[in-house]
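Enquirer: Contents are compact mmCIF, C-alpha atoms and all ligand atoms; file name upload31.txt:
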```txt
# COMPACT_ATOMS: atom_id res chain seq x y z
CA MET O 1447 100.49 111.38 125.89
CA ASP O 1448 101.37 108.09 124.17
CA SER O 1449 101.37 105.01 126.38
CA LEU O 1450 104.56 103.51 127.64
CA PHE O 1451 104.70 99.89 126.46
CA ILE O 1452 106.25 97.05 128.40
CA VAL O 1453 106.07 93.79 126.48
CA ALA O 1454 106.98 90.59 128.34
CA ASN O 1455 108.07 87.83 125.98
CA LEU O 1456 108.08 84.59 127.96
CA LYS O 1457 109.46 82.69 124.94
CA SER O 1458 109.19 78.88 125.03
CA ASN O 1459 108.96 78.66 128.81
CA LYS O 1460 106.48 77.62 131.52
CA THR O 1461 104.18 74.68 131.93
CA TYR O 1462 100.59 75.33 132.98
CA ASP O 1463 101.42 74.95 136.68
CA GLU O 1464 104.52 77.14 136.42
CA ALA O 1465 102.48 79.80 134.66
CA ARG O 1466 99.86 79.72 137.43
CA LEU O 1467 102.58 80.34 140.01
CA TRP O 1468 103.96 83.18 137.89
CA LEU O 1469 100.49 84.73 137.74
CA GLU O 1470 99.93 84.35 141.50
CA THR O 1471 103.06 86.42 142.06
CA PHE O 1472 102.32 88.90 139.29
CA LYS O 1473 98.88 89.67 140.68
CA THR O 1474 100.48 91.24 143.77
CA ILE O 1475 101.56 94.19 141.60
CA ASP O 1476 100.28 97.62 142.58
CA LYS O 1477 97.27 97.83 140.26
CA SER O 1478 97.70 101.55 139.63
CA LEU O 1479 100.86 100.71 137.63
CA LEU O 1480 98.69 98.77 135.22
CA GLU O 1481 96.52 101.83 134.68
CA GLU O 1482 99.48 104.06 133.88
CA LYS O 1483 101.44 101.75 131.61
CA LYS O 1484 100.52 99.42 128.78
CA ILE O 1485 101.61 95.94 129.80
CA ILE O 1486 101.49 93.22 127.14
CA ILE O 1487 102.29 89.67 128.23
CA CYS O 1488 103.20 87.16 125.54
CA PRO O 1489 103.13 83.54 126.75
CA SER O 1490 103.12 80.39 124.62
CA PHE O 1491 99.91 79.54 122.73
CA THR O 1492 99.18 76.78 125.27
CA LEU O 1493 98.98 79.34 128.08
CA LEU O 1494 96.99 82.13 126.46
CA GLY O 1495 93.68 80.78 127.80
CA LEU O 1496 95.04 80.62 131.34
CA PHE O 1497 96.44 84.15 131.14
CA LYS O 1498 93.18 85.46 129.75
CA SER O 1499 90.93 83.90 132.39
CA PHE O 1500 93.32 84.63 135.27
CA SER O 1501 93.69 88.28 134.36
CA SER O 1502 89.98 88.78 133.99
CA ASP O 1503 89.15 86.89 137.24
CA ASN O 1504 91.76 88.90 139.14
CA ASN O 1505 91.07 92.25 137.55
CA LEU O 1506 94.58 92.53 136.17
CA LYS O 1507 94.59 95.17 133.47
CA VAL O 1508 97.09 93.62 131.09
CA SER O 1509 96.93 92.91 127.38
CA LEU O 1510 97.97 89.61 125.90
CA GLY O 1511 100.05 88.80 122.88
CA ALA O 1512 101.04 85.66 121.00
CA GLN O 1513 104.66 85.03 120.07
CA ASN O 1514 103.94 84.09 116.49
CA VAL O 1515 101.10 83.54 114.01
CA SER O 1516 100.61 81.43 110.93
CA SER O 1517 101.21 83.08 107.57
CA LEU O 1518 98.12 81.17 106.39
CA ASP O 1519 94.47 81.81 107.13
CA GLU O 1520 92.26 79.16 108.72
CA GLY O 1521 92.06 75.86 106.88
CA ALA O 1522 93.83 72.58 106.27
CA HIS O 1523 97.24 73.58 107.64
CA THR O 1524 98.16 71.05 110.30
CA GLY O 1525 100.16 72.47 113.16
CA GLU O 1526 99.52 76.12 112.34
CA VAL O 1527 97.83 78.57 114.72
CA ASN O 1528 96.06 81.28 112.75
CA ALA O 1529 95.27 84.91 113.47
CA LYS O 1530 91.53 84.37 113.81
CA GLN O 1531 92.17 81.78 116.54
CA ILE O 1532 94.61 84.03 118.37
CA LYS O 1533 92.12 86.89 118.39
CA ASP O 1534 89.97 84.86 120.82
CA PHE O 1535 92.68 85.39 123.44
CA ALA O 1536 95.00 88.21 122.49
CA ASP O 1537 95.28 91.64 120.91
CA TYR O 1538 98.94 91.55 119.91
CA VAL O 1539 101.30 89.23 118.04
CA ILE O 1540 105.10 89.33 117.98
CA ILE O 1541 106.20 88.93 114.37
CA GLY O 1542 109.69 88.50 112.98
CA HIS O 1543 111.52 87.84 116.23
CA SER O 1544 115.14 87.04 115.41
CA GLU O 1545 114.93 83.67 117.15
CA GLU O 1546 112.08 82.72 114.79
CA ARG O 1547 113.80 84.22 111.77
CA LYS O 1548 116.82 82.04 112.51
CA LEU O 1549 114.79 78.87 113.02
CA LEU O 1550 112.32 79.29 110.19
CA ASN O 1551 114.25 81.36 107.67
CA GLU O 1552 111.16 83.43 106.89
CA SER O 1553 111.18 85.86 103.98
CA ASP O 1554 109.90 89.42 104.07
CA GLU O 1555 106.98 88.17 101.98
CA VAL O 1556 105.95 85.57 104.56
CA LEU O 1557 106.31 88.10 107.36
CA SER O 1558 104.15 90.53 105.38
CA GLN O 1559 101.46 87.84 105.02
CA LYS O 1560 101.50 87.42 108.79
CA VAL O 1561 101.06 91.15 109.28
CA ASN O 1562 98.17 91.22 106.80
CA LEU O 1563 96.37 88.38 108.54
CA CYS O 1564 96.82 90.08 111.90
CA LEU O 1565 95.28 93.25 110.54
CA LYS O 1566 92.43 91.30 108.93
CA TYR O 1567 91.45 89.89 112.33
CA GLY O 1568 92.12 93.00 114.42
CA LEU O 1569 95.44 91.97 115.96
CA ASN O 1570 98.28 94.46 116.41
CA PRO O 1571 101.65 93.24 115.17
CA ILE O 1572 104.70 93.94 117.30
CA TYR O 1573 107.16 93.81 114.45
CA CYS O 1574 110.75 92.96 115.40
CA VAL O 1575 113.60 94.48 113.44
CA GLN O 1576 117.24 93.71 113.98
CA ASP O 1577 118.62 97.01 112.72
CA LYS O 1578 117.56 100.25 111.10
CA ASP O 1579 117.48 98.70 107.62
CA THR O 1580 115.21 95.72 108.33
CA PHE O 1581 112.19 95.74 106.02
CA ILE O 1582 108.91 96.71 107.73
CA PRO O 1583 105.65 95.64 106.05
CA GLN O 1584 102.76 98.01 105.35
CA GLY O 1585 100.28 98.35 108.18
CA VAL O 1586 102.74 97.96 111.06
CA SER O 1587 102.66 100.68 113.71
CA LEU O 1588 104.51 99.10 116.64
CA VAL O 1589 108.14 98.16 115.96
CA ALA O 1590 110.61 96.53 118.36
CA TYR O 1591 114.27 97.22 117.68
CA GLU O 1592 116.11 94.14 118.92
CA PRO O 1593 119.75 93.88 117.90
CA VAL O 1594 120.77 90.21 117.79
CA PHE O 1595 123.91 90.72 119.90
CA ALA O 1596 121.79 92.05 122.77
CA ILE O 1597 119.21 89.27 122.97
CA GLY O 1598 119.72 87.02 125.96
CA SER O 1599 123.36 88.07 126.21
CA GLY O 1600 123.35 90.39 129.20
CA ASN O 1601 124.93 92.89 126.83
CA PRO O 1602 122.27 95.47 125.92
CA ASP O 1603 122.68 98.14 123.27
CA THR O 1604 123.42 101.56 124.69
CA PRO O 1605 120.31 103.65 125.28
CA GLU O 1606 121.81 106.39 123.08
CA ASN O 1607 122.36 104.05 120.15
CA ALA O 1608 118.92 102.47 120.57
CA ASN O 1609 117.48 105.98 120.48
CA GLN O 1610 119.44 106.80 117.34
CA VAL O 1611 118.27 103.62 115.57
CA ALA O 1612 114.69 104.33 116.66
CA SER O 1613 114.89 107.83 115.20
CA GLU O 1614 116.11 106.38 111.88
CA ILE O 1615 113.30 103.81 111.86
CA LYS O 1616 110.82 106.61 112.47
CA THR O 1617 111.93 108.44 109.34
CA LYS O 1618 110.39 105.52 107.37
CA GLY O 1619 106.85 105.68 108.77
CA GLU O 1620 104.51 106.50 111.63
CA TYR O 1621 105.94 104.05 114.14
CA GLN O 1622 106.18 103.72 117.86
CA VAL O 1623 109.48 102.00 118.57
CA LEU O 1624 110.36 99.75 121.50
CA TYR O 1625 113.81 98.53 122.50
CA GLY O 1626 114.48 94.86 123.31
CA GLY O 1627 117.62 92.98 124.33
CA SER O 1628 118.85 92.30 127.90
CA VAL O 1629 116.47 94.77 129.54
CA THR O 1630 116.49 94.54 133.35
CA ASN O 1631 114.99 96.50 136.21
CA GLU O 1632 118.32 98.30 136.51
CA ASN O 1633 118.61 99.53 132.93
CA VAL O 1634 114.94 99.97 131.95
CA GLY O 1635 114.87 103.61 133.08
CA SER O 1636 117.75 104.54 130.80
CA PHE O 1637 115.88 103.20 127.76
CA ILE O 1638 112.47 104.61 128.41
CA SER O 1639 113.91 108.08 129.07
CA GLN O 1640 115.05 108.22 125.41
CA SER O 1641 112.89 110.51 123.34
CA ASN O 1642 112.38 108.12 120.42
CA LEU O 1643 111.57 105.03 122.46
CA SER O 1644 108.01 104.22 123.53
CA GLY O 1645 108.88 101.28 125.74
CA VAL O 1646 110.71 97.99 126.03
CA LEU O 1647 110.39 94.34 125.11
CA VAL O 1648 111.64 92.14 127.91
CA GLY O 1649 112.59 88.48 127.42
CA GLY O 1650 114.60 86.56 130.03
CA ALA O 1651 113.99 89.02 132.85
CA SER O 1652 110.23 88.53 132.59
CA LEU O 1653 110.46 84.85 133.51
CA GLU O 1654 110.46 85.85 137.18
CA ALA O 1655 107.21 87.70 137.86
CA GLN O 1656 108.84 89.66 140.68
CA GLU O 1657 111.52 90.93 138.31
CA LEU O 1658 108.89 91.98 135.77
CA ILE O 1659 107.07 93.86 138.53
CA LYS O 1660 110.30 95.71 139.33
CA ILE O 1661 110.81 96.54 135.65
CA ILE O 1662 107.28 97.96 135.49
CA GLN O 1663 107.88 99.95 138.69
CA ASN O 1664 111.16 101.38 137.38
CA ALA O 1665 109.87 102.20 133.89
P1 LIG G 1701 116.11 89.19 126.39
O1 LIG G 1701 115.18 88.89 125.14
O2 LIG G 1701 115.42 90.26 127.20
O3 LIG G 1701 116.22 87.88 127.10
O4 LIG G 1701 117.41 89.68 125.86
C1 LIG G 1701 114.53 89.89 124.45
C2 LIG G 1701 113.76 89.27 123.33
O5 LIG G 1701 114.26 88.30 122.74
O6 LIG G 1701 112.68 89.67 123.00
```
Is it possible to give me this structure as structure tokens?
Expert:
Amino acid sequence: MDSLFIVANLKSNKTYDEARLWLETFKTIDKSLLEEKKIIICPSFTLLGLFKSFSSDNNLKVSLGAQNVSSLDEGAHTGEVNAKQIKDFADYVIIGHSEERKLLNESDEVLSQKVNLCLKYGLNPIYCVQDKDTFIPQGVSLVAYEPVFAIGSGNPDTPENANQVASEIKTKGEYQVLYGGSVTNENVGSFISQSNLSGVLVGGASLEAQELIKIIQNA
């Protein structure tokens, strides 16, 4: 059976001390849940080292992801964090999130370069699409359908429509599709029971570790 994915996107939140507190709460999770489900936590770059050492010291079976990656390889690119550097800490990278697309106005070509660099260094892209027609670069296998109206709005897509969009995305390639946008512990079950969805991407609700634990329990 394919794994059920739960991706926690912490966005641009948490200082080092706040992240430590989050982790202290998260580590109280029933560890068997982490065996059954694939949990991927995506904190800011500045926190990846903390998440990596804390999860290994506390035997927390979670994977880590970055929230973005440079479209350039290592070199003289001040301010950029490249895929080779991320691979020291993480196995996944969120690419093409709509909040980034809006801020950076990235083209499909730039997003494809990011995917290529991830693949070069053994990172798995979690490629965000906003609708069924969003371009998906070669080499992507994990797609997150995140309609813009649903992100951070408390107004999720319906599970039935998310399932329909996922089925259309799957006609274009061998993808596992996640749903993201206002997922909570109350609605997570209705999304993961859809036949074309392989999990969820959780933003705001993951900021409280206890809420993320509940989402994992209910998924
Ligand atoms: P949200 O964010 O759960 O806060 O709606 C989802 C996302 O942006 O990935």
Enquirer: So that I can check the surroundings of O:Gly1626, please list as a PyMOL selection string every protein, DNA and RNA residue that reaches within 9 Å of it, counting all atoms listed in the file and ignoring chain neighbours fewer than 5 positions away.
Expert: chain O and resi 1574+1590-1593+1596-1597+1602-1603+1645-1649
Enquirer: With only C-alpha atoms as the basis for distance, which of O:Ile1662, O:Val1539, O:Leu1510, O:Leu1496 is at the shortest distance from O:Thr1630?
Expert: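 Answer, going by the shortest atom-to-atom distance: O:Ile1662.
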Enquirer: Go through O:Leu1456, O:Val1623, O:Val1527, O:Leu1550 and flag the residue nearest O:Val1575, using only C-alpha atoms for the distances.
Expert: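 For O:Val1575, the nearest of the candidates is O:Val1623.
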Enquirer: Take atom CA of O:His1543 and atom CA of O:Gln1663 and report the distance between them in Å, one decimal.
Expert: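 It comes out at 25.8 Å.
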Enquirer: So which residues touch O:Asn1601 within 10 Å, counting all atoms listed in the file, skipping near sequence neighbours fewer than 5 positions away, as a list in words?
Expert: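 My list of contacting residues is Phe1595, Ala1596, Gly1627, Ser1628 and Val1629 of chain O.
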Enquirer: Can you list, as a ChimeraX atom specification, every protein, DNA or RNA residue that comes within 12 Å of O:Arg1547 when you count only C-alpha atoms, leaving out same-chain residues fewer than 2 positions away?
Expert: /O:1514,1540-1545,1549-1554,1556-1557,1573-1576,1594
Enquirer: Have a look at O:Glu1526, O:Glu1654, O:Asp1519, O:Asp1503 and name the one nearest to ligand LIG 1701 (chain G); count all atoms listed in the file.
Expert: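 Of all the options, O:Glu1654 lies closest to ligand LIG 1701 (chain G).
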Enquirer: Just need the box for stretch 1504-1509 of chain O, edges along x, y and z, holding every atom the file lists for it with 3 Å tacked onto each side, so centre and edge lengths in Å to one decimal, as JSON.
Expert:
```
{"center_x": 94.1, "center_y": 92.0, "center_z": 133.3, "size_x": 12.0, "size_y": 12.3, "size_z": 17.8}
```
Enquirer: What is the distance, in Å and to one decimal place, between atom CA of O:Gln1559 and atom CA of O:Ser1517?
Expert: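 These atoms are spaced 5.4 Å apart.
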Enquirer: For ligand LIG 1701 (chain G), which of O:Ser1599, O:Gln1610, O:Asn1633, O:Gln1640 is the closest residue, counting all atoms listed in the file?
Expert: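 Selected residue with least distance to ligand LIG 1701 (chain G): O:Ser1599.
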Enquirer: Using only C-alpha atoms and all ligand atoms, which of O:Asn1505, O:Asn1459, O:Ser1641, O:Gln1584 sits nearest ligand LIG 1701 (chain G)?
Expert: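 Counting only C-alpha atoms and all ligand atoms, the residue closest to ligand LIG 1701 (chain G) is O:Asn1459.
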Enquirer: Can you measure atom CA of O:Val1508 to atom CA of O:Ile1485 for me? One decimal in Å is fine.
Expert: 5.2 Å
Enquirer: Nearest to ligand LIG 1701 (chain G) among O:Ser1458, O:Ser1613, O:Thr1580, O:Ser1449, with distances taken over only C-alpha atoms and all ligand atoms: which residue is it?
Expert: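 Among O:Ser1458, O:Ser1613, O:Thr1580, O:Ser1449, it is O:Ser1458 that comes nearest to ligand LIG 1701 (chain G).
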Enquirer: Just so I have it separately, write stretch 1534-1545 of chain O from the block I sent, keeping all heavy atoms, as a short mmCIF file (atom, residue, chain, number, x, y, z; two decimals), in the first residue's frame.
Expert:
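Result went into selection_29.cif, see below:
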```cif
data_model
loop_
_atom_site.label_atom_id
_atom_site.label_comp_id
_atom_site.auth_asym_id
_atom_site.auth_seq_id
_atom_site.Cartn_x
_atom_site.Cartn_y
_atom_site.Cartn_z
N ASP O 1534 21.85 18.08 3.12
CA ASP O 1534 22.46 17.77 4.42
C ASP O 1534 21.42 17.56 5.51
O ASP O 1534 21.69 16.91 6.52
CB ASP O 1534 23.34 18.94 4.90
CG ASP O 1534 24.71 18.94 4.26
OD1 ASP O 1534 25.10 17.92 3.67
OD2 ASP O 1534 25.40 19.98 4.37
N PHE O 1535 20.26 18.19 5.34
CA PHE O 1535 19.25 18.19 6.41
C PHE O 1535 17.95 17.51 6.05
O PHE O 1535 17.23 17.04 6.92
CB PHE O 1535 18.89 19.64 6.77
CG PHE O 1535 20.06 20.46 7.23
CD1 PHE O 1535 20.72 21.31 6.35
CD2 PHE O 1535 20.50 20.37 8.54
CE1 PHE O 1535 21.80 22.07 6.78
CE2 PHE O 1535 21.58 21.13 8.97
CZ PHE O 1535 22.24 21.97 8.09
N ALA O 1536 17.60 17.54 4.76
CA ALA O 1536 16.22 17.22 4.39
C ALA O 1536 16.17 16.29 3.19
O ALA O 1536 17.15 16.15 2.45
CB ALA O 1536 15.48 18.52 4.06
N ASP O 1537 15.01 15.67 3.00
CA ASP O 1537 14.80 14.80 1.84
C ASP O 1537 13.75 15.35 0.88
O ASP O 1537 13.54 14.78 -0.18
CB ASP O 1537 14.37 13.40 2.29
CG ASP O 1537 15.51 12.68 2.98
OD1 ASP O 1537 16.62 12.69 2.44
OD2 ASP O 1537 15.29 12.13 4.09
N TYR O 1538 13.07 16.40 1.28
CA TYR O 1538 11.99 16.95 0.47
C TYR O 1538 12.16 18.47 0.33
O TYR O 1538 12.78 19.11 1.19
CB TYR O 1538 10.62 16.68 1.13
CG TYR O 1538 10.26 15.21 1.12
CD1 TYR O 1538 10.72 14.36 2.13
CD2 TYR O 1538 9.48 14.66 0.11
CE1 TYR O 1538 10.41 13.00 2.12
CE2 TYR O 1538 9.16 13.32 0.09
CZ TYR O 1538 9.64 12.50 1.09
OH TYR O 1538 9.33 11.16 1.07
N VAL O 1539 11.57 19.01 -0.72
CA VAL O 1539 11.52 20.48 -0.88
C VAL O 1539 10.16 20.86 -1.47
O VAL O 1539 9.74 20.27 -2.49
CB VAL O 1539 12.61 21.01 -1.83
CG1 VAL O 1539 12.49 22.52 -1.98
CG2 VAL O 1539 14.00 20.65 -1.34
N ILE O 1540 9.50 21.81 -0.85
CA ILE O 1540 8.26 22.36 -1.43
C ILE O 1540 8.68 23.31 -2.55
O ILE O 1540 9.51 24.20 -2.35
CB ILE O 1540 7.45 23.13 -0.37
CG1 ILE O 1540 6.98 22.18 0.74
CG2 ILE O 1540 6.27 23.85 -1.01
CD1 ILE O 1540 6.31 22.89 1.93
N ILE O 1541 8.11 23.10 -3.72
CA ILE O 1541 8.43 23.97 -4.86
C ILE O 1541 7.13 24.52 -5.44
O ILE O 1541 6.15 23.78 -5.59
CB ILE O 1541 9.23 23.20 -5.94
CG1 ILE O 1541 10.59 22.78 -5.38
CG2 ILE O 1541 9.41 24.06 -7.21
CD1 ILE O 1541 11.46 22.02 -6.35
N GLY O 1542 7.15 25.80 -5.76
CA GLY O 1542 6.01 26.40 -6.47
C GLY O 1542 4.82 26.70 -5.58
O GLY O 1542 3.68 26.78 -6.06
N HIS O 1543 5.06 26.86 -4.27
CA HIS O 1543 3.94 27.24 -3.41
C HIS O 1543 3.36 28.57 -3.90
O HIS O 1543 4.10 29.46 -4.30
CB HIS O 1543 4.42 27.37 -1.96
CG HIS O 1543 3.29 27.45 -0.99
ND1 HIS O 1543 2.56 28.61 -0.82
CD2 HIS O 1543 2.74 26.52 -0.17
CE1 HIS O 1543 1.62 28.39 0.08
NE2 HIS O 1543 1.70 27.13 0.49
N SER O 1544 2.05 28.72 -3.81
CA SER O 1544 1.43 29.93 -4.38
C SER O 1544 1.88 31.20 -3.68
O SER O 1544 1.93 32.27 -4.29
CB SER O 1544 -0.09 29.82 -4.37
OG SER O 1544 -0.54 29.66 -3.07
N GLU O 1545 2.24 31.09 -2.38
CA GLU O 1545 2.72 32.29 -1.69
C GLU O 1545 4.06 32.74 -2.28
O GLU O 1545 4.33 33.94 -2.42
CB GLU O 1545 2.84 32.01 -0.19
CG GLU O 1545 1.45 31.91 0.46
CD GLU O 1545 1.42 31.20 1.81
OE1 GLU O 1545 2.48 30.78 2.30
OE2 GLU O 1545 0.32 31.07 2.37
#
```
